[in-house]
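Text of the file protein.cif, holding mmCIF, C-alpha atoms and all ligand atoms:
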```
data_query
loop_
_atom_site.label_atom_id
_atom_site.label_comp_id
_atom_site.auth_asym_id
_atom_site.auth_seq_id
_atom_site.Cartn_x
_atom_site.Cartn_y
_atom_site.Cartn_z
CA MET A 2 34.70 -38.75 -44.28
CA ASN A 3 32.49 -36.40 -42.32
CA LYS A 4 33.16 -32.68 -42.89
CA ARG A 5 34.18 -31.05 -39.60
CA PHE A 6 31.04 -29.13 -38.67
CA PRO A 7 30.99 -26.52 -35.87
CA HIS A 8 29.07 -28.83 -33.50
CA LEU A 9 28.39 -27.47 -30.02
CA ILE A 10 28.42 -30.43 -27.65
CA ASP A 11 30.45 -28.86 -24.86
CA LEU A 12 31.60 -25.22 -24.81
CA ASP A 13 35.13 -26.66 -24.86
CA ASN A 14 34.51 -27.35 -28.56
CA TYR A 15 34.91 -23.62 -29.23
CA PRO A 16 37.67 -21.24 -28.11
CA VAL A 17 36.70 -18.63 -25.47
CA SER A 18 37.05 -15.94 -28.15
CA SER A 19 34.08 -17.57 -29.96
CA TRP A 20 31.97 -17.58 -26.77
CA ASN A 21 32.68 -13.86 -26.44
CA SER A 22 31.79 -13.22 -30.09
CA ILE A 23 28.50 -15.11 -29.69
CA ILE A 24 27.66 -13.07 -26.57
CA ASN A 25 28.55 -9.76 -28.26
CA LEU A 26 26.53 -10.64 -31.36
CA ALA A 27 23.56 -11.58 -29.12
CA MET A 28 23.74 -8.13 -27.51
CA ASP A 29 23.70 -6.52 -30.93
CA ILE A 30 20.78 -8.68 -32.08
CA LYS A 31 18.84 -7.68 -28.95
CA ARG A 32 19.45 -3.98 -29.67
CA ASN A 33 19.00 -4.10 -33.47
CA GLN A 34 16.70 -7.03 -34.15
CA HIS A 35 15.36 -5.55 -37.40
CA ILE A 36 18.78 -5.94 -39.06
CA TYR A 37 18.73 -9.71 -38.58
CA VAL A 38 15.23 -10.43 -39.91
CA GLY A 39 15.70 -12.85 -42.80
CA ALA A 40 19.35 -13.62 -41.96
CA CYS A 41 18.56 -17.36 -42.04
CA SER A 42 15.93 -17.28 -44.75
CA GLY A 43 15.75 -20.61 -46.59
CA ARG A 44 17.54 -22.51 -43.81
CA ILE A 45 15.96 -25.25 -41.70
CA MET A 46 16.57 -26.22 -38.09
CA ALA A 47 15.53 -29.64 -36.75
CA THR A 48 14.74 -29.84 -33.02
CA LEU A 49 14.95 -33.43 -31.76
CA PHE A 50 13.77 -33.45 -28.14
CA TYR A 51 13.74 -36.83 -26.39
CA GLU A 52 13.21 -35.14 -22.98
CA PRO A 53 10.75 -32.47 -21.80
CA SER A 54 11.61 -28.83 -22.45
CA THR A 55 9.87 -25.47 -22.37
CA ARG A 56 12.46 -22.68 -22.57
CA THR A 57 15.23 -24.38 -24.52
CA GLN A 58 12.99 -25.71 -27.26
CA MET A 59 10.78 -22.65 -27.60
CA SER A 60 13.67 -20.19 -27.50
CA PHE A 61 15.54 -22.12 -30.20
CA GLN A 62 12.42 -22.28 -32.34
CA SER A 63 11.51 -18.65 -31.94
CA ALA A 64 15.17 -17.72 -32.55
CA MET A 65 15.12 -19.51 -35.92
CA LEU A 66 11.70 -18.10 -36.87
CA ARG A 67 12.85 -14.56 -36.01
CA LEU A 68 15.85 -15.08 -38.29
CA GLY A 69 13.49 -16.05 -41.10
CA GLY A 70 14.32 -19.77 -41.13
CA GLY A 71 12.02 -22.79 -40.81
CA ILE A 72 11.75 -25.54 -38.21
CA ILE A 73 11.01 -29.28 -38.25
CA GLY A 74 11.38 -31.96 -35.59
CA PHE A 75 9.68 -33.72 -32.68
CA ASP A 76 9.32 -33.22 -28.96
CA ASN A 77 7.55 -36.47 -28.33
CA PRO A 78 9.72 -39.35 -29.53
CA ALA A 79 6.68 -41.63 -29.13
CA THR A 80 5.27 -40.13 -32.34
CA SER A 81 8.51 -40.57 -34.35
CA SER A 82 10.30 -43.73 -35.50
CA VAL A 83 12.14 -43.72 -32.18
CA ALA A 84 9.05 -45.58 -30.95
CA LYS A 85 9.82 -48.32 -33.51
CA GLY A 86 13.31 -48.76 -32.04
CA GLU A 87 15.32 -46.51 -34.38
CA SER A 88 18.79 -45.67 -33.05
CA ILE A 89 19.99 -42.12 -32.35
CA LYS A 90 22.57 -42.66 -35.09
CA ASP A 91 19.96 -43.38 -37.76
CA THR A 92 17.46 -40.71 -36.65
CA THR A 93 20.16 -38.04 -36.65
CA LYS A 94 21.57 -39.13 -40.00
CA ILE A 95 18.12 -38.77 -41.56
CA ALA A 96 17.29 -35.46 -39.84
CA SER A 97 20.62 -34.02 -40.95
CA GLY A 98 19.67 -34.70 -44.56
CA TYR A 99 16.53 -32.61 -44.13
CA SER A 100 18.00 -29.69 -42.20
CA ASP A 101 20.95 -27.30 -41.93
CA ILE A 102 21.33 -27.51 -38.15
CA ILE A 103 20.12 -29.98 -35.52
CA VAL A 104 19.32 -29.09 -31.92
CA MET A 105 19.00 -32.17 -29.76
CA ARG A 106 18.12 -33.00 -26.14
CA HIS A 107 18.35 -36.55 -24.83
CA PHE A 108 18.23 -38.24 -21.43
CA LEU A 109 21.48 -40.23 -21.94
CA GLU A 110 24.87 -38.66 -21.23
CA GLY A 111 27.09 -38.27 -24.28
CA SER A 112 24.14 -38.95 -26.61
CA VAL A 113 24.37 -35.66 -28.50
CA LYS A 114 28.07 -36.18 -29.14
CA ALA A 115 27.24 -39.63 -30.50
CA ALA A 116 24.64 -38.04 -32.78
CA ALA A 117 27.14 -35.47 -34.04
CA LEU A 118 29.56 -38.21 -35.08
CA THR A 119 27.24 -39.34 -37.86
CA ALA A 120 25.32 -36.17 -38.73
CA ASP A 121 25.80 -34.38 -42.05
CA CYS A 122 25.15 -30.96 -40.50
CA PRO A 123 26.12 -29.15 -37.26
CA VAL A 124 24.56 -30.54 -34.07
CA VAL A 125 23.89 -28.52 -30.91
CA ASN A 126 23.56 -30.08 -27.47
CA ALA A 127 20.38 -28.84 -25.78
CA GLY A 128 21.06 -31.04 -22.73
CA ASP A 129 22.38 -34.62 -22.48
CA GLY A 130 21.07 -36.24 -19.30
CA GLY A 131 22.69 -34.88 -16.15
CA HIS A 132 25.88 -34.07 -18.05
CA LEU A 133 26.08 -30.74 -19.93
CA HIS A 134 23.92 -27.89 -21.26
CA PRO A 135 26.18 -25.48 -23.18
CA THR A 136 23.48 -23.25 -24.65
CA GLN A 137 22.05 -22.57 -21.18
CA THR A 138 25.59 -21.53 -20.27
CA LEU A 139 25.74 -19.11 -23.19
CA THR A 140 22.43 -17.73 -21.89
CA ASP A 141 23.89 -17.40 -18.39
CA LEU A 142 27.08 -15.74 -19.66
CA LEU A 143 25.08 -13.24 -21.69
CA THR A 144 22.91 -12.48 -18.65
CA LEU A 145 25.98 -11.94 -16.46
CA LYS A 146 27.68 -9.77 -19.06
CA ALA A 147 24.57 -7.65 -19.61
CA GLU A 148 23.53 -7.37 -15.96
CA LYS A 149 26.86 -7.37 -14.05
CA GLY A 150 28.88 -5.84 -16.88
CA THR A 151 31.63 -8.46 -16.59
CA LEU A 152 32.45 -12.16 -16.57
CA ASN A 153 35.48 -11.67 -14.33
CA GLY A 154 36.02 -11.18 -10.60
CA LEU A 155 32.65 -12.58 -9.56
CA THR A 156 31.85 -14.66 -6.47
CA VAL A 157 29.18 -17.04 -7.71
CA GLY A 158 27.13 -19.30 -5.43
CA PHE A 159 25.56 -22.42 -6.92
CA CYS A 160 22.80 -23.96 -4.82
CA GLY A 161 20.72 -27.14 -5.10
CA ASP A 162 21.31 -30.29 -7.14
CA LEU A 163 24.91 -29.72 -8.15
CA LYS A 164 25.44 -33.40 -8.94
CA ASN A 165 22.73 -33.82 -11.59
CA GLY A 166 22.32 -30.20 -12.69
CA ARG A 167 23.82 -30.09 -16.18
CA THR A 168 23.51 -26.29 -16.31
CA VAL A 169 25.73 -26.07 -13.22
CA HIS A 170 28.43 -28.28 -14.75
CA SER A 171 28.62 -26.32 -18.00
CA LEU A 172 28.55 -22.92 -16.28
CA LEU A 173 31.25 -23.82 -13.73
CA LYS A 174 33.54 -25.01 -16.50
CA ALA A 175 32.91 -21.84 -18.49
CA LEU A 176 33.34 -19.33 -15.64
CA SER A 177 36.61 -21.08 -14.73
CA CYS A 178 37.96 -19.82 -18.07
CA TYR A 179 37.55 -16.15 -17.08
CA ASN A 180 39.67 -14.26 -14.51
CA ASN A 181 39.40 -14.16 -10.72
CA ASN A 182 36.03 -15.84 -10.32
CA LYS A 183 35.31 -17.70 -7.06
CA PHE A 184 32.70 -20.35 -6.47
CA VAL A 185 30.66 -21.30 -3.42
CA LEU A 186 29.07 -24.72 -4.01
CA ILE A 187 26.04 -25.07 -1.73
CA SER A 188 24.48 -28.53 -1.60
CA THR A 189 23.87 -31.58 0.57
CA ASN A 190 26.66 -34.16 0.75
CA GLU A 191 24.76 -36.41 -1.66
CA LEU A 192 24.35 -33.76 -4.36
CA LYS A 193 27.84 -32.26 -4.60
CA VAL A 194 29.50 -31.16 -7.86
CA PRO A 195 31.20 -34.14 -9.62
CA THR A 196 34.94 -34.47 -9.06
CA TYR A 197 35.90 -33.97 -12.70
CA ILE A 198 34.29 -30.51 -12.63
CA LYS A 199 36.03 -29.59 -9.36
CA ASP A 200 39.33 -30.69 -10.92
CA ARG A 201 38.66 -28.39 -13.85
CA ILE A 202 38.08 -25.45 -11.50
CA SER A 203 41.31 -26.20 -9.63
CA ALA A 204 43.29 -26.71 -12.83
CA SER A 205 42.20 -23.23 -13.95
CA GLY A 206 43.64 -21.77 -10.72
CA LYS A 207 40.21 -20.65 -9.43
CA GLU A 208 39.04 -21.12 -5.86
CA TYR A 209 35.95 -22.96 -4.71
CA VAL A 210 34.48 -23.85 -1.33
CA GLU A 211 31.77 -26.38 -0.60
CA ALA A 212 29.06 -25.32 1.83
CA ASN A 213 25.79 -26.67 3.17
CA SER A 214 24.09 -23.49 4.38
CA LEU A 215 22.60 -20.99 1.94
CA GLU A 216 21.98 -18.60 4.85
CA GLU A 217 25.66 -18.51 5.78
CA ALA A 218 26.94 -18.27 2.21
CA ILE A 219 24.59 -15.62 0.79
CA PRO A 220 26.16 -12.39 2.19
CA GLU A 221 29.40 -12.76 0.21
CA LEU A 222 27.85 -13.59 -3.19
CA ASP A 223 27.69 -11.39 -6.31
CA VAL A 224 25.54 -13.96 -8.09
CA LEU A 225 23.33 -16.74 -6.71
CA TYR A 226 22.55 -19.51 -9.19
CA MET A 227 19.64 -21.56 -7.81
CA THR A 228 18.69 -24.95 -9.26
CA ARG A 229 15.90 -27.45 -8.72
CA ILE A 230 16.47 -30.96 -7.37
CA GLN A 231 16.45 -33.10 -10.55
CA ARG A 232 13.75 -35.61 -9.59
CA GLU A 233 13.98 -37.54 -12.89
CA ARG A 234 17.67 -38.38 -12.33
CA PHE A 235 17.18 -40.18 -8.98
CA GLY A 236 17.18 -43.97 -8.66
CA SER A 237 14.10 -43.96 -6.42
CA GLU A 238 11.35 -41.64 -5.17
CA GLU A 239 12.62 -42.11 -1.57
CA GLU A 240 16.05 -40.70 -2.49
CA TYR A 241 14.37 -37.67 -4.07
CA GLU A 242 12.10 -37.17 -1.05
CA ARG A 243 15.19 -36.99 1.19
CA GLN A 244 16.74 -34.23 -0.94
CA LYS A 245 13.78 -32.02 -1.81
CA ASN A 246 13.00 -28.84 0.16
CA VAL A 247 16.47 -28.68 1.76
CA PHE A 248 17.27 -25.27 0.22
CA CYS A 249 14.78 -22.49 -0.27
CA LEU A 250 15.50 -18.88 -1.18
CA ASP A 251 13.02 -16.53 0.48
CA GLU A 252 12.66 -12.83 1.32
CA LYS A 253 14.43 -13.27 4.65
CA LYS A 254 17.56 -14.72 3.05
CA MET A 255 17.45 -12.03 0.33
CA LYS A 256 17.69 -9.40 3.11
CA ALA A 257 21.13 -10.77 4.04
CA ALA A 258 22.39 -10.59 0.43
CA LYS A 259 24.34 -7.73 -1.17
CA LYS A 260 22.21 -4.93 -2.62
CA ASP A 261 23.53 -5.76 -6.09
CA MET A 262 23.61 -9.55 -5.85
CA ILE A 263 21.60 -11.07 -8.68
CA VAL A 264 19.59 -14.31 -8.56
CA LEU A 265 19.67 -16.58 -11.61
CA HIS A 266 17.91 -19.92 -12.18
CA PRO A 267 17.81 -21.91 -15.44
CA LEU A 268 14.15 -22.75 -14.59
CA PRO A 269 11.84 -24.57 -14.17
CA ARG A 270 11.45 -23.66 -10.50
CA VAL A 271 9.78 -26.18 -8.24
CA ASP A 272 9.86 -24.83 -4.69
CA GLU A 273 13.44 -23.65 -4.20
CA ILE A 274 12.54 -19.95 -4.63
CA THR A 275 9.43 -18.55 -2.96
CA LEU A 276 7.07 -16.50 -5.15
CA GLU A 277 7.63 -13.32 -3.13
CA VAL A 278 11.27 -13.24 -4.32
CA ASP A 279 9.99 -12.69 -7.89
CA ASP A 280 9.17 -9.09 -6.94
CA ASP A 281 12.73 -8.37 -5.77
CA PRO A 282 14.56 -6.40 -8.51
CA ARG A 283 17.57 -8.66 -7.99
CA ALA A 284 15.58 -11.72 -9.15
CA LEU A 285 16.56 -11.96 -12.82
CA TYR A 286 15.55 -15.48 -13.80
CA PHE A 287 12.70 -14.49 -16.09
CA LYS A 288 14.87 -11.90 -17.82
CA GLN A 289 17.57 -14.60 -18.10
CA ALA A 290 15.16 -16.88 -20.00
CA ASN A 291 14.55 -14.03 -22.44
CA TYR A 292 18.28 -13.51 -23.01
CA GLY A 293 18.29 -17.19 -24.01
CA MET A 294 16.42 -16.42 -27.20
CA TYR A 295 18.92 -13.76 -28.31
CA VAL A 296 21.92 -15.93 -27.55
CA ARG A 297 20.38 -18.77 -29.57
CA MET A 298 19.74 -16.41 -32.50
CA SER A 299 23.39 -15.48 -32.30
CA LEU A 300 24.52 -19.11 -32.05
CA ILE A 301 22.41 -20.30 -34.99
CA LEU A 302 23.68 -17.43 -37.12
CA SER A 303 27.31 -17.99 -36.14
CA ILE A 304 27.12 -21.71 -36.83
CA LEU A 305 25.34 -21.36 -40.17
CA ASN A 306 27.75 -18.62 -41.27
CA GLU A 307 30.62 -20.89 -40.18
CA ASP A 308 32.05 -18.07 -38.06
CA ILE A 309 33.36 -20.47 -35.42
CA LYS A 310 36.63 -22.36 -35.22
CA THR A 311 36.09 -25.97 -34.22
CA LYS A 312 38.05 -28.77 -32.65
CA PRO A 313 37.69 -32.51 -33.34
CA LEU A 314 34.92 -34.21 -31.35
CA LEU A 315 37.04 -37.13 -30.18
CA VAL A 316 40.72 -36.92 -29.33
CA GLY A 317 41.02 -40.02 -27.11
CA LYS A 318 41.44 -43.65 -28.08
CA GLU A 319 39.37 -46.76 -28.01
CA ALA A 320 40.46 -48.90 -25.03
CA VAL A 321 40.17 -52.53 -26.04
CA GLY A 322 37.85 -54.57 -23.81
CA ILE A 323 36.84 -51.57 -21.66
CA ARG A 324 33.33 -50.11 -21.44
CA CYS A 325 32.34 -46.92 -19.62
CA GLY A 326 31.14 -47.67 -16.06
CA ASN A 327 28.32 -45.09 -16.19
CA PRO A 328 24.98 -46.86 -16.83
CA LYS A 329 23.55 -43.57 -18.15
CA CYS A 330 26.29 -43.22 -20.78
CA ILE A 331 25.23 -43.53 -24.42
CA THR A 332 28.06 -46.00 -25.11
CA ASN A 333 26.21 -48.51 -22.92
CA ALA A 334 22.93 -48.01 -24.78
CA GLU A 335 23.93 -47.99 -28.47
CA SER A 336 25.81 -51.24 -28.98
CA THR A 337 27.46 -50.20 -32.24
CA LEU A 338 29.07 -47.14 -30.66
CA LYS A 339 32.72 -47.65 -29.76
CA GLY A 340 33.89 -46.19 -26.42
CA SER A 341 36.65 -43.57 -26.53
CA PHE A 342 38.81 -42.60 -23.56
CA ARG A 343 41.25 -39.86 -22.63
CA HIS A 344 44.23 -40.93 -20.51
CA HIS A 345 45.14 -38.91 -17.39
CA GLY A 346 47.96 -40.72 -15.61
CA GLY A 347 46.32 -43.79 -14.10
CA ILE A 348 42.83 -42.59 -14.96
CA LEU A 349 40.75 -43.18 -18.06
CA GLU A 350 38.02 -40.63 -18.79
CA CYS A 351 35.09 -41.49 -21.07
CA GLU A 352 34.98 -38.98 -23.91
CA PHE A 353 31.21 -39.18 -24.13
CA CYS A 354 30.11 -38.65 -20.50
CA ASP A 355 33.38 -37.76 -18.65
CA GLU A 356 32.99 -40.72 -16.24
CA ARG A 357 36.31 -41.77 -14.78
CA LEU A 358 37.58 -45.33 -14.63
CA LEU A 359 40.49 -46.29 -12.45
CA MET A 360 42.91 -48.59 -14.20
CA GLU A 361 44.40 -51.56 -12.34
C1 LIG B 401 17.37 -26.86 -17.26
C2 LIG B 401 17.64 -28.18 -17.94
O1 LIG B 401 16.85 -28.66 -18.75
O2 LIG B 401 18.71 -28.72 -17.65
N1 LIG B 401 16.34 -26.12 -17.85
C3 LIG B 401 16.59 -25.38 -18.97
O3 LIG B 401 17.07 -25.86 -19.95
N2 LIG B 401 16.33 -24.09 -18.91
C4 LIG B 401 17.25 -26.96 -15.80
C5 LIG B 401 16.34 -27.98 -15.19
O4 LIG B 401 15.67 -28.75 -15.87
O5 LIG B 401 16.32 -28.01 -13.97
#
```

So that I can check it, write out the structure of this file as structure tokens.
Amino acid sequence: MNKRFPHLIDLDNYPVSSWNSIINLAMDIKRNQHIYVGACSGRIMATLFYEPSTRTQMSFQSAMLRLGGGIIGFDNPATSSVAKGESIKDTTKIASGYSDIIVMRHFLEGSVKAAALTADCPVVNAGDGGHLHPTQTLTDLLTLKAEKGTLNGLTVGFCGDLKNGRTVHSLLKALSCYNNNKFVLISTNELKVPTYIKDRISASGKEYVEANSLEEAIPELDVLYMTRIQRERFGSEEEYERQKNVFCLDEKKMKAAKKDMIVLHPLPRVDEITLEVDDDPRALYFKQANYGMYVRMSLILSILNEDIKTKPLLVGKEAVGIRCGNPKCITNAESTLKGSFRHHGGILECEFCDERLLME
């Protein structure tokens, strides 16, 4: 029987008190870095990246190196046994025997949860397809706490690809757990926030409005979270072409924003923020990327010190004869993996990718 490790697949795996502790510890690490040198000496982190990454991978690696630990892994699956057809299950099992913590990014939704089910060490989700990205959310929460002084009472605008943007999904769920936040969801009709996320916002008693004009929405915002259109998640180049360049934040729009509104972006930027905005003191996206390293130092330390209370990874049940309807779900790619579903009245929800299936 697998020991229950403090895996981070979705921030829901940890209580909000643990998110707050991770954020507070990150602030202390940023202020007093010298105290933490060597805190993870002798420990090894494996980074298994099946999808491109700059910030997430490098910030995790530099976080571990700054804590005195070592790193192994790959960022090009073509040079690992993945190229020979090895399953996620087997690769993770092996990597977990060589390391104390695994950080994994994969293009299939629910894939990191699947990996955690067989790993013999804690596994952290560094992005699973268009689904979730909890460590970017910790980065965003730390940035908000440090720069706005609070995680409550904020009107936050999200703009761009809200359908495929995993950072948006994780952050909306997280900010719904704090008090009196409001959300303005700015996108085209095709790229709206998935229904299950909107239901989570409503269930938490928070308000949201959907909008299609950044110009009209910007004056009321305390925070603007820009995102790129996720080209790699579209079925065809034509679909992407129709969506790109719809929203662009420029100096003119910044003039209509509050004097203390801040602009965040998980990066990379394509063309949704013009370069001149970089010189505006309210543009904090580069600073945000730097906060990401401190929050990952804090997360690694908290996980390895077992300072986090955890919940079971799966609470639903196998539904006999039913497969998840999402072609990008890991349960449809790894044939040995059994589906698991939560029941909500007449709805079944896949526990790997959150796709909903209507029952007859
Ligand atoms: C994001 C991601 O990978 O989801 N980047 C990141 O981790 N900082 C955003 C994106 O790729 O658009």

Task: Spatial sel., origin (30.3, -20.1, -35.3), limit 10 Å, only C-alpha atoms, listed as an NGL selection string - done: :A and (6-9 or 15 or 19-20 or 22-23 or 299-311)

Task: Test item: residues no farther than 6 Å from ligand LIG 401 (chain B), counting only C-alpha atoms and all ligand atoms, as a PyMOL selection string - done: chain A and resi 56-57+167-168+229+267-269

Open item on the list: Taking all atoms listed in the file into account, name the residue in A:Ser97, A:Phe235, A:Met298, A:Glu350 that is nearest to A:Leu68.
Closed with: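 Result for the nearest residue to A:Leu68: A:Met298.
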
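Using only C-alpha atoms, the protein and nucleic acid residues lying no more than 10 Å from A:Val278, apart from those fewer than 5 places from it along its own chain, are A:Leu250, A:Asp251, A:Glu252, A:Lys253, A:Lys254, A:Met255, A:Val264, A:Arg283, A:Ala284.
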
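Of the listed residues A:Asn333, A:Thr140, A:Asn153, A:Thr196, the one whose atoms come nearest to A:Ile24 is A:Thr140, with distances taken using all atoms listed in the file.
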
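Of the residues listed (A:Ile348, A:Ile274, A:Cys354, A:Leu314), A:Leu314 shows the shortest atom-to-atom separation from A:Leu118; distances use all atoms listed in the file.
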
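For the pair atom CA of A:Asn126 and atom CA of A:Lys31, the separation is 22.9 Å.
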
TODO: For atom CA of A:Cys122 and atom CA of A:Gly98, quote the distance in Å rounded to one decimal.
DONE: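 Here the two named atoms are 7.8 Å from each other.
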
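Minimum distance to A:Lys259 across A:Ile230, A:Lys288, A:Thr156, A:Glu148 (counting all atoms listed in the file) occurs at A:Thr156.
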
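Distance check against A:Gly39 using only C-alpha atoms: of A:Ile263, A:Ala147, A:Leu66, A:Leu176, the minimum falls on A:Leu66.
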
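Counting only C-alpha atoms, A:Tyr37 has the following residues at most 9 Å away, ignoring those fewer than 4 positions along the same chain: Ile30, Asn33, Cys41, Arg67, Leu68 and Gly69 of chain A.
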
Selected residues written out with C-alpha atoms, as a PDB file, in the frame of the given file:
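Wrote again28.pdb, looks like this:
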```pdb
ATOM      1  CA  ILE A  30      20.780  -8.680 -32.080  1.00  0.00           C
ATOM      2  CA  ASN A  33      19.000  -4.100 -33.470  1.00  0.00           C
ATOM      3  CA  CYS A  41      18.560 -17.360 -42.040  1.00  0.00           C
ATOM      4  CA  ARG A  67      12.850 -14.560 -36.010  1.00  0.00           C
ATOM      5  CA  LEU A  68      15.850 -15.080 -38.290  1.00  0.00           C
ATOM      6  CA  GLY A  69      13.490 -16.050 -41.100  1.00  0.00           C
TER       7      GLY A  69
END
```

Task: For atom CA of A:Asp76 and atom CA of A:Gly340, the interatomic separation in Å (one decimal) - done: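 Rounded to one decimal, the two atoms are 27.9 Å apart.
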
TODO: Can you pull out every residue within 12 Å of A:Val321, counting only C-alpha atoms, but drop anything in the same chain fewer than 4 positions away, and send it as JSON, numbers by chain?
DONE: {"A": [325, 339, 340, 341, 342]}

Keeping only C-alpha atoms, write the selected residues as a short mmCIF file (atom, residue, chain, number, x, y, z; two decimals), in the frame of the given file.
```cif
data_model
loop_
_atom_site.label_atom_id
_atom_site.label_comp_id
_atom_site.auth_asym_id
_atom_site.auth_seq_id
_atom_site.Cartn_x
_atom_site.Cartn_y
_atom_site.Cartn_z
CA CYS A 325 32.34 -46.92 -19.62
CA LYS A 339 32.72 -47.65 -29.76
CA GLY A 340 33.89 -46.19 -26.42
CA SER A 341 36.65 -43.57 -26.53
CA PHE A 342 38.81 -42.60 -23.56
#
```

Open item on the list: Can you pull out the residues contacting A:Pro328? Cut-off 12 Å, using only C-alpha atoms, and skip same-chain residues under 2 positions away; I want them as JSON, numbers by chain.
Closed with: {"A": [108, 109, 110, 111, 130, 236, 324, 325, 326, 330, 331, 332, 333, 334, 335, 354, 356]}

Task: Top pick for closest residue to A:Leu145, considering A:Leu285, A:Val83, A:Leu349, A:Met105 and counting all atoms listed in the file - done: A:Leu285

Task: Exercise: A:Asp162 partners within 10 Å, all atoms listed in the file, chain neighbours under 3 positions left out, as a list in words - done: Phe159, Asn165, Gly166, Arg167, Val169, Ile187, Ser188, Thr189, Glu191, Leu192, Lys193, Val194, Met227, Thr228, Arg229, Ile230, Gln231, Arg232, Gln244, Lys245 and Phe248 of chain A

Those selected residues, please, written with C-alpha atoms and delivered as a PDB file, in the frame of the given file.
```pdb
ATOM      1  CA  PHE A 159      25.560 -22.420  -6.920  1.00  0.00           C
ATOM      2  CA  ASN A 165      22.730 -33.820 -11.590  1.00  0.00           C
ATOM      3  CA  GLY A 166      22.320 -30.200 -12.690  1.00  0.00           C
ATOM      4  CA  ARG A 167      23.820 -30.090 -16.180  1.00  0.00           C
ATOM      5  CA  VAL A 169      25.730 -26.070 -13.220  1.00  0.00           C
ATOM      6  CA  ILE A 187      26.040 -25.070  -1.730  1.00  0.00           C
ATOM      7  CA  SER A 188      24.480 -28.530  -1.600  1.00  0.00           C
ATOM      8  CA  THR A 189      23.870 -31.580   0.570  1.00  0.00           C
ATOM      9  CA  GLU A 191      24.760 -36.410  -1.660  1.00  0.00           C
ATOM     10  CA  LEU A 192      24.350 -33.760  -4.360  1.00  0.00           C
ATOM     11  CA  LYS A 193      27.840 -32.260  -4.600  1.00  0.00           C
ATOM     12  CA  VAL A 194      29.500 -31.160  -7.860  1.00  0.00           C
ATOM     13  CA  MET A 227      19.640 -21.560  -7.810  1.00  0.00           C
ATOM     14  CA  THR A 228      18.690 -24.950  -9.260  1.00  0.00           C
ATOM     15  CA  ARG A 229      15.900 -27.450  -8.720  1.00  0.00           C
ATOM     16  CA  ILE A 230      16.470 -30.960  -7.370  1.00  0.00           C
ATOM     17  CA  GLN A 231      16.450 -33.100 -10.550  1.00  0.00           C
ATOM     18  CA  ARG A 232      13.750 -35.610  -9.590  1.00  0.00           C
ATOM     19  CA  GLN A 244      16.740 -34.230  -0.940  1.00  0.00           C
ATOM     20  CA  LYS A 245      13.780 -32.020  -1.810  1.00  0.00           C
ATOM     21  CA  PHE A 248      17.270 -25.270   0.220  1.00  0.00           C
TER      22      PHE A 248
END
```

Open item on the list: Distance cut-off 9 Å, centre (17.1, -26.4, -34.5) in file coordinates, counting only C-alpha atoms: which residues qualify? Return them as a ChimeraX atom specification.
Closed with: /A:45-49,58,61-62,65,71-74,100-105,124-125,301
